[in-house]
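**Q** Contents of my_file.tsv (TSV, C-alpha atoms):
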chain	number	residue	atom	x	y	z
A	20	MET	CA	157.88	112.44	117.07
A	21	ARG	CA	157.59	108.64	117.26
A	22	SER	CA	155.86	106.56	119.91
A	23	ALA	CA	155.26	102.82	120.21
A	24	PRO	CA	153.98	101.49	116.87
A	25	ARG	CA	150.26	100.90	116.50
A	26	LYS	CA	148.96	97.78	114.76
A	27	ALA	CA	146.96	99.47	112.03
A	28	SER	CA	146.25	96.15	110.41
A	29	SER	CA	144.31	95.00	113.49
A	30	LEU	CA	142.18	98.15	113.37
A	31	ARG	CA	141.51	97.59	109.70
A	32	ALA	CA	140.61	93.99	110.42
A	33	LEU	CA	138.15	95.12	113.10
A	34	ALA	CA	136.44	97.58	110.77
A	35	THR	CA	136.42	95.01	107.97
A	36	GLY	CA	135.03	92.37	110.29
A	37	ALA	CA	132.25	94.68	111.45
A	38	LEU	CA	131.18	95.40	107.90
A	39	LEU	CA	131.54	91.83	106.77
A	40	VAL	CA	129.44	90.72	109.70
A	41	LEU	CA	126.76	93.03	108.33
A	42	LEU	CA	127.31	91.87	104.80
A	43	CYS	CA	127.34	88.09	104.98
A	44	ALA	CA	126.28	85.65	107.70
A	45	PRO	CA	123.96	87.94	109.75
A	46	LEU	CA	121.88	88.59	106.65
A	47	PHE	CA	120.43	85.11	107.00
A	48	ALA	CA	119.31	85.78	110.55
A	49	ALA	CA	118.16	89.30	109.67
A	50	ASP	CA	116.11	88.01	106.75
A	51	GLU	CA	114.44	85.40	108.94
A	52	HIS	CA	113.70	87.93	111.68
A	53	ALA	CA	112.31	90.47	109.19
A	54	ALA	CA	110.32	87.78	107.45
A	55	ARG	CA	108.58	86.90	110.70
A	56	THR	CA	107.85	90.41	112.01
A	57	GLN	CA	106.76	92.59	109.08
A	58	PRO	CA	103.39	93.32	107.45
A	59	ALA	CA	101.54	91.23	104.87
A	60	PRO	CA	103.09	90.35	101.50
A	61	GLN	CA	102.82	92.05	98.14
A	62	VAL	CA	102.12	89.13	95.85
A	63	LYS	CA	102.57	90.96	92.55
A	64	VAL	CA	106.07	92.13	93.44
A	65	VAL	CA	107.18	88.56	94.08
A	66	LYS	CA	105.61	87.22	90.90
A	67	ASP	CA	107.28	89.90	88.79
A	68	ALA	CA	110.67	89.22	90.44
A	69	ALA	CA	110.38	85.44	90.06
A	70	ALA	CA	109.60	85.81	86.36
A	71	SER	CA	113.01	87.40	85.76
A	72	ASP	CA	115.01	85.55	88.47
A	73	PRO	CA	115.45	81.79	87.80
A	74	LEU	CA	116.91	81.14	91.24
A	75	LEU	CA	114.01	82.74	93.08
A	76	GLN	CA	111.57	80.99	90.77
A	77	ALA	CA	113.15	77.60	91.49
A	78	MET	CA	113.08	78.20	95.25
A	79	LEU	CA	109.39	79.12	95.20
A	80	ALA	CA	108.43	76.20	92.95
A	81	GLU	CA	110.30	73.62	95.02
A	82	LEU	CA	108.90	75.08	98.23
A	83	GLN	CA	105.35	74.64	96.96
A	84	ARG	CA	106.05	71.06	95.83
A	85	SER	CA	107.59	70.18	99.20
A	86	LYS	CA	104.66	71.66	101.12
A	87	ALA	CA	102.18	69.62	99.08
A	88	GLN	CA	103.99	66.30	98.65
A	89	LEU	CA	106.72	65.84	101.26
A	90	LYS	CA	105.59	62.98	103.50
A	91	MET	CA	107.14	59.71	104.69
A	92	GLU	CA	105.56	56.78	106.46
A	93	ASN	CA	105.79	57.03	110.26
A	94	VAL	CA	107.16	60.58	110.00
A	95	PRO	CA	104.88	63.63	110.47
A	96	ALA	CA	104.52	65.95	107.51
A	97	PRO	CA	106.52	69.18	107.83
A	98	TYR	CA	104.68	72.09	109.38
A	99	TYR	CA	107.41	74.56	108.37
A	100	ILE	CA	110.06	74.74	105.61
A	101	ASP	CA	112.48	77.49	104.66
A	102	TYR	CA	115.26	77.95	102.10
A	103	ARG	CA	118.14	80.40	102.32
A	104	VAL	CA	120.53	80.93	99.44
A	105	SER	CA	123.57	83.20	99.64
A	106	GLU	CA	125.00	84.08	96.23
A	107	LEU	CA	128.52	85.44	96.66
A	108	GLU	CA	130.89	86.89	94.09
A	109	GLU	CA	134.37	88.11	94.90
A	110	TYR	CA	137.50	89.38	93.20
A	111	ALA	CA	140.73	89.78	95.17
A	112	ALA	CA	144.22	90.79	94.05
A	113	ASP	CA	147.51	91.71	95.67
A	114	ALA	CA	150.59	93.42	94.23
A	115	ILE	CA	153.98	94.00	95.86
A	116	PHE	CA	157.20	95.58	94.65
A	117	GLY	CA	155.55	96.47	91.34
A	118	ALA	CA	154.46	92.91	90.49
A	119	LEU	CA	151.26	90.93	90.86
A	120	ARG	CA	151.54	88.43	93.73
A	121	ASN	CA	148.05	87.00	93.99
A	122	GLU	CA	144.78	87.08	92.09
A	123	GLN	CA	141.59	85.17	92.93
A	124	ARG	CA	138.04	85.10	91.65
A	125	LEU	CA	135.15	83.39	93.39
A	126	ARG	CA	131.49	82.87	92.63
A	127	VAL	CA	129.41	80.49	94.71
A	128	ARG	CA	125.83	79.85	95.80
A	129	LEU	CA	125.37	78.44	99.30
A	130	LEU	CA	122.12	76.76	100.30
A	131	ARG	CA	120.61	76.05	103.71
A	132	ALA	CA	117.33	74.16	103.91
A	133	VAL	CA	115.41	73.85	107.19
A	134	VAL	CA	112.51	71.43	107.64
A	135	ARG	CA	110.60	71.35	110.94
A	136	VAL	CA	108.27	68.51	111.90
A	137	GLY	CA	106.03	68.47	114.94
A	138	ASP	CA	104.29	71.74	115.78
A	139	TYR	CA	104.99	75.22	117.13
A	140	GLN	CA	104.94	73.96	120.71
A	141	GLN	CA	107.50	71.19	120.17
A	142	ASP	CA	109.37	70.51	116.97
A	143	SER	CA	112.46	68.89	115.51
A	144	TYR	CA	114.87	71.85	115.56
A	145	PHE	CA	117.42	69.95	117.62
A	146	GLN	CA	120.85	68.50	116.82
A	147	GLN	CA	120.77	67.10	113.27
A	148	GLY	CA	117.30	68.57	112.76
A	149	GLN	CA	118.63	72.12	112.41
A	150	GLY	CA	118.87	71.99	108.61
A	151	MET	CA	121.06	70.94	105.71
A	152	SER	CA	123.73	73.02	103.96
A	153	ASP	CA	124.98	72.48	100.43
A	154	VAL	CA	126.34	74.23	97.33
A	155	MET	CA	123.91	75.27	94.60
A	156	PRO	CA	124.60	75.21	90.82
A	157	LEU	CA	125.82	78.52	89.37
A	158	ASP	CA	123.97	78.14	86.09
A	159	ASP	CA	120.36	79.30	86.07
A	160	ASP	CA	119.10	75.90	84.98
A	161	PRO	CA	115.67	75.39	86.62
A	162	VAL	CA	115.98	71.60	86.66
A	163	ALA	CA	119.45	71.64	88.23
A	164	LEU	CA	118.45	74.25	90.81
A	165	ARG	CA	115.28	72.44	91.82
A	166	HIS	CA	117.02	69.06	92.01
A	167	GLN	CA	119.62	70.45	94.41
A	168	LEU	CA	116.87	72.01	96.52
A	169	TRP	CA	114.98	68.71	96.54
A	170	LEU	CA	118.02	66.73	97.69
A	171	ALA	CA	118.68	69.14	100.57
A	172	THR	CA	115.00	69.19	101.53
A	173	ASP	CA	114.73	65.41	101.48
A	174	GLN	CA	117.76	64.96	103.74
A	175	ALA	CA	116.66	67.77	106.07
A	176	TYR	CA	113.23	66.12	106.40
A	177	LYS	CA	114.70	62.71	107.25
A	178	ASN	CA	117.05	64.31	109.80
A	179	ALA	CA	114.14	66.24	111.30
A	180	GLY	CA	112.16	63.05	111.91
A	181	GLU	CA	115.10	61.48	113.72
A	182	ALA	CA	115.77	64.66	115.69
A	183	LEU	CA	112.18	64.93	116.90
A	184	THR	CA	112.21	61.32	118.15
A	185	ALA	CA	115.51	61.90	119.97
A	186	LYS	CA	114.28	65.16	121.45
A	187	GLN	CA	111.04	63.65	122.76
A	188	ALA	CA	112.96	60.75	124.33
A	189	LEU	CA	115.32	63.16	126.04
A	190	LEU	CA	112.54	65.41	127.35
A	191	LYS	CA	110.85	62.45	129.05
A	192	GLN	CA	113.72	62.50	131.54
A	193	TYR	CA	112.83	66.01	132.72
A	194	THR	CA	109.86	67.87	134.16
A	195	VAL	CA	109.31	71.31	132.67
A	196	GLU	CA	107.24	73.58	134.91
A	197	HIS	CA	106.93	76.48	132.47
A	198	PRO	CA	107.20	75.17	128.90
A	199	VAL	CA	108.08	77.57	126.09
A	200	ASP	CA	107.10	77.09	122.46
A	201	ASP	CA	109.93	75.99	120.16
A	202	PHE	CA	108.79	78.30	117.37
A	203	ALA	CA	106.56	81.38	117.05
A	204	ARG	CA	103.92	82.33	114.53
A	205	ALA	CA	104.44	85.63	112.78
A	206	PRO	CA	103.01	87.54	109.81
A	207	ALA	CA	104.71	86.98	106.48
A	208	LEU	CA	106.88	89.53	104.68
A	209	GLN	CA	107.67	89.93	101.01
A	210	PHE	CA	110.52	92.24	100.11
A	211	ILE	CA	112.32	92.21	96.77
A	212	GLY	CA	115.44	94.33	96.48
A	213	PRO	CA	117.63	94.80	93.39
A	214	LEU	CA	120.33	92.28	92.62
A	215	VAL	CA	123.95	93.44	92.79
A	216	ARG	CA	126.85	92.41	90.58
A	217	LEU	CA	130.55	93.19	90.54
A	218	ASP	CA	130.85	96.12	88.17
A	219	ALA	CA	134.49	97.12	88.70
A	220	ALA	CA	136.87	96.08	85.89
A	221	PRO	CA	139.32	93.54	87.40
A	222	GLU	CA	142.02	94.03	84.75
A	223	ARG	CA	142.04	97.80	85.23
A	224	TRP	CA	142.33	97.58	88.99
A	225	ARG	CA	145.01	94.91	88.77
A	226	ASP	CA	147.15	97.35	86.75
A	227	ILE	CA	146.45	100.12	89.27
A	228	LEU	CA	147.69	97.93	92.13
A	229	ILE	CA	150.87	97.05	90.26
A	230	ALA	CA	151.62	100.69	89.45
A	231	ALA	CA	150.99	101.84	93.04
A	232	SER	CA	153.17	99.13	94.58
A	233	ALA	CA	156.01	100.06	92.20
A	234	LEU	CA	156.35	103.45	93.93
A	235	TYR	CA	158.54	101.86	96.62
A	236	ARG	CA	161.43	102.05	94.14
A	237	ASN	CA	161.49	105.82	94.63
A	238	TYR	CA	161.86	105.47	98.41
A	239	PRO	CA	164.98	103.47	99.31
A	240	GLN	CA	164.30	103.96	103.04
A	241	VAL	CA	161.02	102.01	102.77
A	242	GLU	CA	161.32	98.23	103.01
A	243	SER	CA	158.01	97.15	101.49
A	244	LEU	CA	154.84	98.41	99.86
A	245	ASP	CA	151.83	96.19	99.34
A	246	ALA	CA	148.68	97.20	97.45
A	247	SER	CA	145.63	94.93	97.57
A	248	LEU	CA	141.90	94.91	96.92
A	249	ARG	CA	138.85	92.82	97.68
A	250	PHE	CA	135.56	93.40	95.88
A	251	THR	CA	132.56	91.43	97.16
A	252	THR	CA	128.87	91.24	96.32
A	253	SER	CA	126.23	89.24	98.19
A	254	ASN	CA	122.65	88.47	97.11
A	255	GLN	CA	120.64	86.89	99.90
A	256	TYR	CA	117.42	84.92	99.26
A	257	PHE	CA	114.96	83.69	101.86
A	258	VAL	CA	111.61	81.92	101.36
A	259	ASN	CA	109.49	79.99	103.83
A	260	SER	CA	106.25	78.04	104.01
A	261	GLU	CA	104.54	80.82	105.96
A	262	GLY	CA	104.57	83.01	102.87
A	263	SER	CA	107.67	85.11	103.41
A	264	VAL	CA	109.89	85.92	100.43
A	265	THR	CA	112.87	88.26	100.64
A	266	ARG	CA	115.74	89.11	98.33
A	267	ARG	CA	118.34	91.75	98.90
A	268	GLY	CA	121.81	92.53	97.67
A	269	GLN	CA	124.81	94.29	99.18
A	270	SER	CA	128.29	95.04	97.90
A	271	LEU	CA	131.60	95.97	99.49
A	272	TYR	CA	134.66	97.38	97.73
A	273	GLN	CA	137.90	97.59	99.69
A	274	LEU	CA	141.36	98.92	98.77
A	275	ASN	CA	144.37	98.52	101.06
A	276	LEU	CA	147.88	99.92	101.16
A	277	THR	CA	150.50	98.58	103.57
A	278	GLY	CA	153.98	100.07	103.87
A	279	ALA	CA	156.78	99.21	106.29
A	280	ALA	CA	160.14	100.67	107.25
A	281	GLN	CA	162.62	100.43	110.11
A	282	ALA	CA	163.95	103.37	112.10
A	283	PRO	CA	167.70	103.66	112.81
A	284	ASP	CA	167.07	102.53	116.41
A	285	GLY	CA	165.36	99.35	115.18
A	286	MET	CA	161.70	100.32	115.70
A	287	ARG	CA	159.35	98.83	113.12
A	288	LEU	CA	157.19	101.42	111.39
A	289	GLU	CA	154.00	100.60	109.50
A	290	ARG	CA	151.22	102.50	107.79
A	291	SER	CA	148.05	100.88	106.46
A	292	PRO	CA	145.53	103.29	104.95
A	293	TYR	CA	142.48	101.72	103.36
A	294	THR	CA	139.29	102.63	101.52
A	295	MET	CA	135.99	100.82	102.07
A	296	VAL	CA	132.86	101.78	100.11
A	297	ALA	CA	129.53	100.23	99.18
A	298	ALA	CA	129.58	100.98	95.43
A	299	SER	CA	132.25	100.90	92.74
A	300	SER	CA	131.32	104.47	91.78
A	301	GLU	CA	132.67	105.61	95.15
A	302	LEU	CA	136.13	104.11	94.60
A	303	PRO	CA	139.01	106.57	94.11
A	304	THR	CA	140.43	107.16	90.67
A	305	ALA	CA	143.75	105.63	89.64
A	306	GLU	CA	145.42	108.99	90.20
A	307	GLN	CA	143.93	109.35	93.69
A	308	PHE	CA	144.96	105.84	94.71
A	309	THR	CA	148.53	106.40	93.48
A	310	ALA	CA	148.63	109.73	95.32
A	311	ASP	CA	147.51	108.02	98.53
A	312	ALA	CA	150.32	105.49	98.14
A	313	ALA	CA	152.88	108.28	97.66
A	314	LYS	CA	151.52	110.14	100.70
A	315	MET	CA	151.85	107.01	102.82
A	316	LEU	CA	155.45	106.52	101.71
A	317	GLU	CA	156.29	110.15	102.54
A	318	THR	CA	154.77	109.64	106.00
A	319	LEU	CA	156.91	106.56	106.59
A	320	VAL	CA	160.05	108.48	105.64
A	321	ARG	CA	159.16	111.30	108.05
A	322	LEU	CA	158.38	108.81	110.83
A	323	ARG	CA	161.74	107.15	110.28
A	324	GLN	CA	163.50	110.49	110.67
A	325	ALA	CA	161.49	111.61	113.73
A	326	SER	CA	163.01	111.65	117.19
A	327	MET	CA	161.99	109.10	119.81
A	328	VAL	CA	159.88	110.16	122.79
A	329	GLU	CA	161.86	109.16	125.84
A	330	GLU	CA	159.30	109.96	128.55
A	331	GLU	CA	155.99	108.21	129.01
A	332	TYR	CA	153.14	110.59	128.23
A	333	ARG	CA	149.56	110.45	129.46
A	334	GLY	CA	147.21	113.18	128.38
A	335	PRO	CA	145.16	114.58	125.51
A	336	VAL	CA	146.03	113.43	121.99
A	337	LEU	CA	144.99	115.03	118.70
A	338	PHE	CA	144.14	112.51	115.98
A	339	ALA	CA	144.31	113.01	112.26
A	340	PRO	CA	140.97	112.30	110.51
A	341	ASP	CA	141.95	108.79	109.39
A	342	ALA	CA	143.31	107.84	112.81
A	343	ALA	CA	140.27	109.27	114.56
A	344	SER	CA	137.94	107.08	112.54
A	345	ASP	CA	139.96	103.99	113.51
A	346	VAL	CA	139.82	104.89	117.20
A	347	ILE	CA	136.06	105.49	117.13
A	348	SER	CA	135.53	102.25	115.20
A	349	MET	CA	137.59	100.24	117.67
A	350	LEU	CA	136.30	101.73	120.92
A	351	ILE	CA	132.72	102.73	120.16
A	352	GLY	CA	131.49	101.78	116.70
A	353	ALA	CA	131.71	98.01	117.06
A	354	ILE	CA	129.92	98.09	120.41
A	355	ILE	CA	127.05	100.11	118.96
A	356	LEU	CA	126.74	97.68	116.05
A	357	VAL	CA	126.77	94.56	118.20
A	358	GLY	CA	124.67	96.00	121.01
A	359	THR	CA	125.97	93.57	123.65
A	360	GLY	CA	128.54	93.73	126.39
A	361	LYS	CA	130.41	90.65	125.17
A	362	LEU	CA	132.58	92.63	122.79
A	363	MET	CA	133.55	95.12	125.49
A	364	ASP	CA	135.69	92.55	127.26
A	365	ALA	CA	137.79	92.10	124.13
A	366	LEU	CA	138.19	95.86	123.65
A	367	GLY	CA	139.41	96.63	127.14
A	368	PRO	CA	138.10	98.64	130.11
A	369	LEU	CA	135.58	100.72	128.17
A	370	GLU	CA	132.14	101.59	129.50
A	371	LEU	CA	129.40	102.74	127.17
A	372	LYS	CA	126.45	104.29	129.00
A	373	ILE	CA	123.75	106.57	127.67
A	374	GLU	CA	124.12	110.15	128.94
A	375	GLU	CA	127.16	109.23	131.03
A	376	ASP	CA	130.89	109.67	130.59
A	377	ILE	CA	132.93	107.18	128.57
A	378	LEU	CA	136.09	106.81	130.65
A	379	ILE	CA	139.26	104.75	130.43
A	380	LYS	CA	141.02	104.28	133.76
A	381	PRO	CA	144.23	106.21	132.93
A	382	PHE	CA	142.08	109.25	132.05
A	383	GLU	CA	139.65	109.38	134.99
A	384	LYS	CA	138.46	112.83	136.04
A	385	THR	CA	140.27	114.61	138.85
A	386	ALA	CA	139.60	117.87	140.64
A	387	PRO	CA	140.93	121.03	138.93
A	388	PRO	CA	144.36	122.14	140.22
A	389	ARG	CA	142.92	125.14	142.12
A	390	GLU	CA	140.35	123.02	143.99
A	391	ALA	CA	142.95	120.39	144.77
A	392	ALA	CA	145.31	123.05	146.15
A	393	THR	CA	142.54	124.56	148.31
A	394	GLY	CA	141.74	121.16	149.73
A	395	THR	CA	145.39	120.61	150.60
A	396	LYS	CA	145.71	123.95	152.40
A	397	THR	CA	142.55	123.28	154.42
A	398	ALA	CA	143.89	119.96	155.52
A	399	GLU	CA	147.16	121.59	156.61
A	400	LYS	CA	145.30	124.15	158.75
A	401	LYS	CA	143.27	121.45	160.49
A	402	ASN	CA	146.43	119.62	161.37
As structure tokens, what does this structure read like?
**A**
Amino acid sequence: MRSAPRKASSLRALATGALLVLLCAPLFAADEHAARTQPAPQVKVVKDAAASDPLLQAMLAELQRSKAQLKMENVPAPYYIDYRVSELEEYAADAIFGALRNEQRLRVRLLRAVVRVGDYQQDSYFQQGQGMSDVMPLDDDPVALRHQLWLATDQAYKNAGEALTAKQALLKQYTVEHPVDDFARAPALQFIGPLVRLDAAPERWRDILIAASALYRNYPQVESLDASLRFTTSNQYFVNSEGSVTRRGQSLYQLNLTGAAQAPDGMRLERSPYTMVAASSELPTAEQFTADAAKMLETLVRLRQASMVEEEYRGPVLFAPDAASDVISMLIGAIILVGTGKLMDALGPLELKIEEDILIKPFEKTAPPREAATGTKTAEKKN
């Protein structure tokens, strides 16, 4: 039985986006929040980590130098400095029709330096004073790393001085009855997690993709079969002048299969199973991945041969395990992760309330048939 086609790729993109949101950009904000709300530091842990991590060592050394020496004439000395470095490594490949179509490798270190002048009540975090971003050297050369940090710090400091002057001039035009501090004091945190590296063999997985995508030759009714992967690791560093030092790593390994066919009546049919895990050891074997591709192709053939549902149906639906996870991810999972109502508008008329029903308008509760019938008969007697 076939119904209107579902955009599986959009569901996969939603799940991928949710995980990537956890993996990349929010880590900066999470590190800063954790660094300002957790207990006192463990100095020895940081010293041991810095001794074996040139990047962390360079960040700490340059931070100490900037705290002690960064000062310009007519510009207040910084009262707060922080560095964030995101070290990303990625391998992506795509095969179609039994041939490699795309292969990319990426390794980059992204820096953001924030310098605040003024004080906790009123500071320079305004317009251009919100920090400098740049690209860090990949080699673990202490001189190169520290020089890049110094350049970003110097420019951030100059911008902060200008921003504070502009902010103070602007505030003179207003009267603030209940002023709020621009920044808050908080205890420092030191957390050092293990570094992560890509440990899946690119050449081996490239061959697996090619072999899986070649299966379309055995299914003449299938128009296309695409096999792709994206392996990503992220090491996030954060240090600040209040004594916080954090380092943590996360990895994401994703495999995708996308097949397409067309039914005799012209309906487009697509299937897009995917695997998303946090460690390369959790990836399927080559045999399992090929078997998943064959299963998807068999499903497309059966969908193509299925009869079309002529009548519109509204009622209970049984989901296969993979489809059920997509539905939960789309309707509930993302909302729980984000924790705000803003995403609900994009997902449709869904309400999420603790200890209350989760209802979609077409499936609102109604009285059982017997109660409804009784009510009807009573009304007839009264008339």
**Q** Atom CA of Ser270 of chain A and atom CA of Gln76 of chain A, how far apart in Å?
**A**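 According to the coordinates, atom CA of Gln76 of chain A and atom CA of Ser270 of chain A are separated by 23.0 Å.
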**Q** Rounded to one decimal place, report the atom CA of Thr294 of chain A-atom CA of Asn254 of chain A distance in Å.
**A**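 Atom CA of Asn254 of chain A lies 22.3 Å from atom CA of Thr294 of chain A.
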**Q** Can you work out the spacing between atom CA of Arg249 of chain A and atom CA of Gln273 of chain A in Å, to one decimal?
**A**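 If I compute the distance from atom CA of Arg249 of chain A to atom CA of Gln273 of chain A, I get 5.3 Å.
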**Q** Set the distance at 12 Å and use all atoms listed in the file: which residues neighbour Ala163 of chain A once local chain neighbours fewer than 6 positions away are removed? I'd like the list as an mmCIF file with C-alpha atoms, in the frame of the given file.
**A**
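Dumped to around.cif:
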data_model
loop_
_atom_site.group_PDB
_atom_site.id
_atom_site.type_symbol
_atom_site.label_atom_id
_atom_site.label_comp_id
_atom_site.auth_asym_id
_atom_site.auth_seq_id
_atom_site.Cartn_x
_atom_site.Cartn_y
_atom_site.Cartn_z
ATOM 1 C CA PRO A 73 115.450 81.790 87.800
ATOM 2 C CA LEU A 74 116.910 81.140 91.240
ATOM 3 C CA ALA A 77 113.150 77.600 91.490
ATOM 4 C CA MET A 78 113.080 78.200 95.250
ATOM 5 C CA GLU A 81 110.300 73.620 95.020
ATOM 6 C CA VAL A 154 126.340 74.230 97.330
ATOM 7 C CA MET A 155 123.910 75.270 94.600
ATOM 8 C CA PRO A 156 124.600 75.210 90.820
ATOM 9 C CA LEU A 157 125.820 78.520 89.370
ATOM 10 C CA TRP A 169 114.980 68.710 96.540
ATOM 11 C CA LEU A 170 118.020 66.730 97.690
#
**Q** Which residues, written as number ranges by chain, have at least one atom at most 6 Å from segment 86-99 of chain A, with all atoms listed in the file counted and residues fewer than 2 positions away on the same chain left out?
**A** A: 83-84, 135-136, 180, 260
**Q** Put those residues in a file: C-alpha atoms, as a CSV table (one decimal), in the coordinates of the input.
**A**
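To be explicit, this is the file written out as selection-v8.csv:
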chain,number,residue,atom,x,y,z
A,83,GLN,CA,105.4,74.6,97.0
A,84,ARG,CA,106.0,71.1,95.8
A,135,ARG,CA,110.6,71.4,110.9
A,136,VAL,CA,108.3,68.5,111.9
A,180,GLY,CA,112.2,63.0,111.9
A,260,SER,CA,106.2,78.0,104.0
**Q** Check the smallest atom-to-atom distance from each of A:Phe257, A:Tyr332, A:Phe250, A:Tyr193 to Ala298 of chain A using all atoms listed in the file, then report the winner.
**A**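 Using all atoms listed in the file, the shortest distance to Ala298 of chain A belongs to A:Phe250.
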**Q** Nearest to Gln149 of chain A: which of A:Val64, A:Val336, A:Ala132, A:Met315 is it, counting only C-alpha atoms?
**A**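 Nearest to Gln149 of chain A: A:Ala132.
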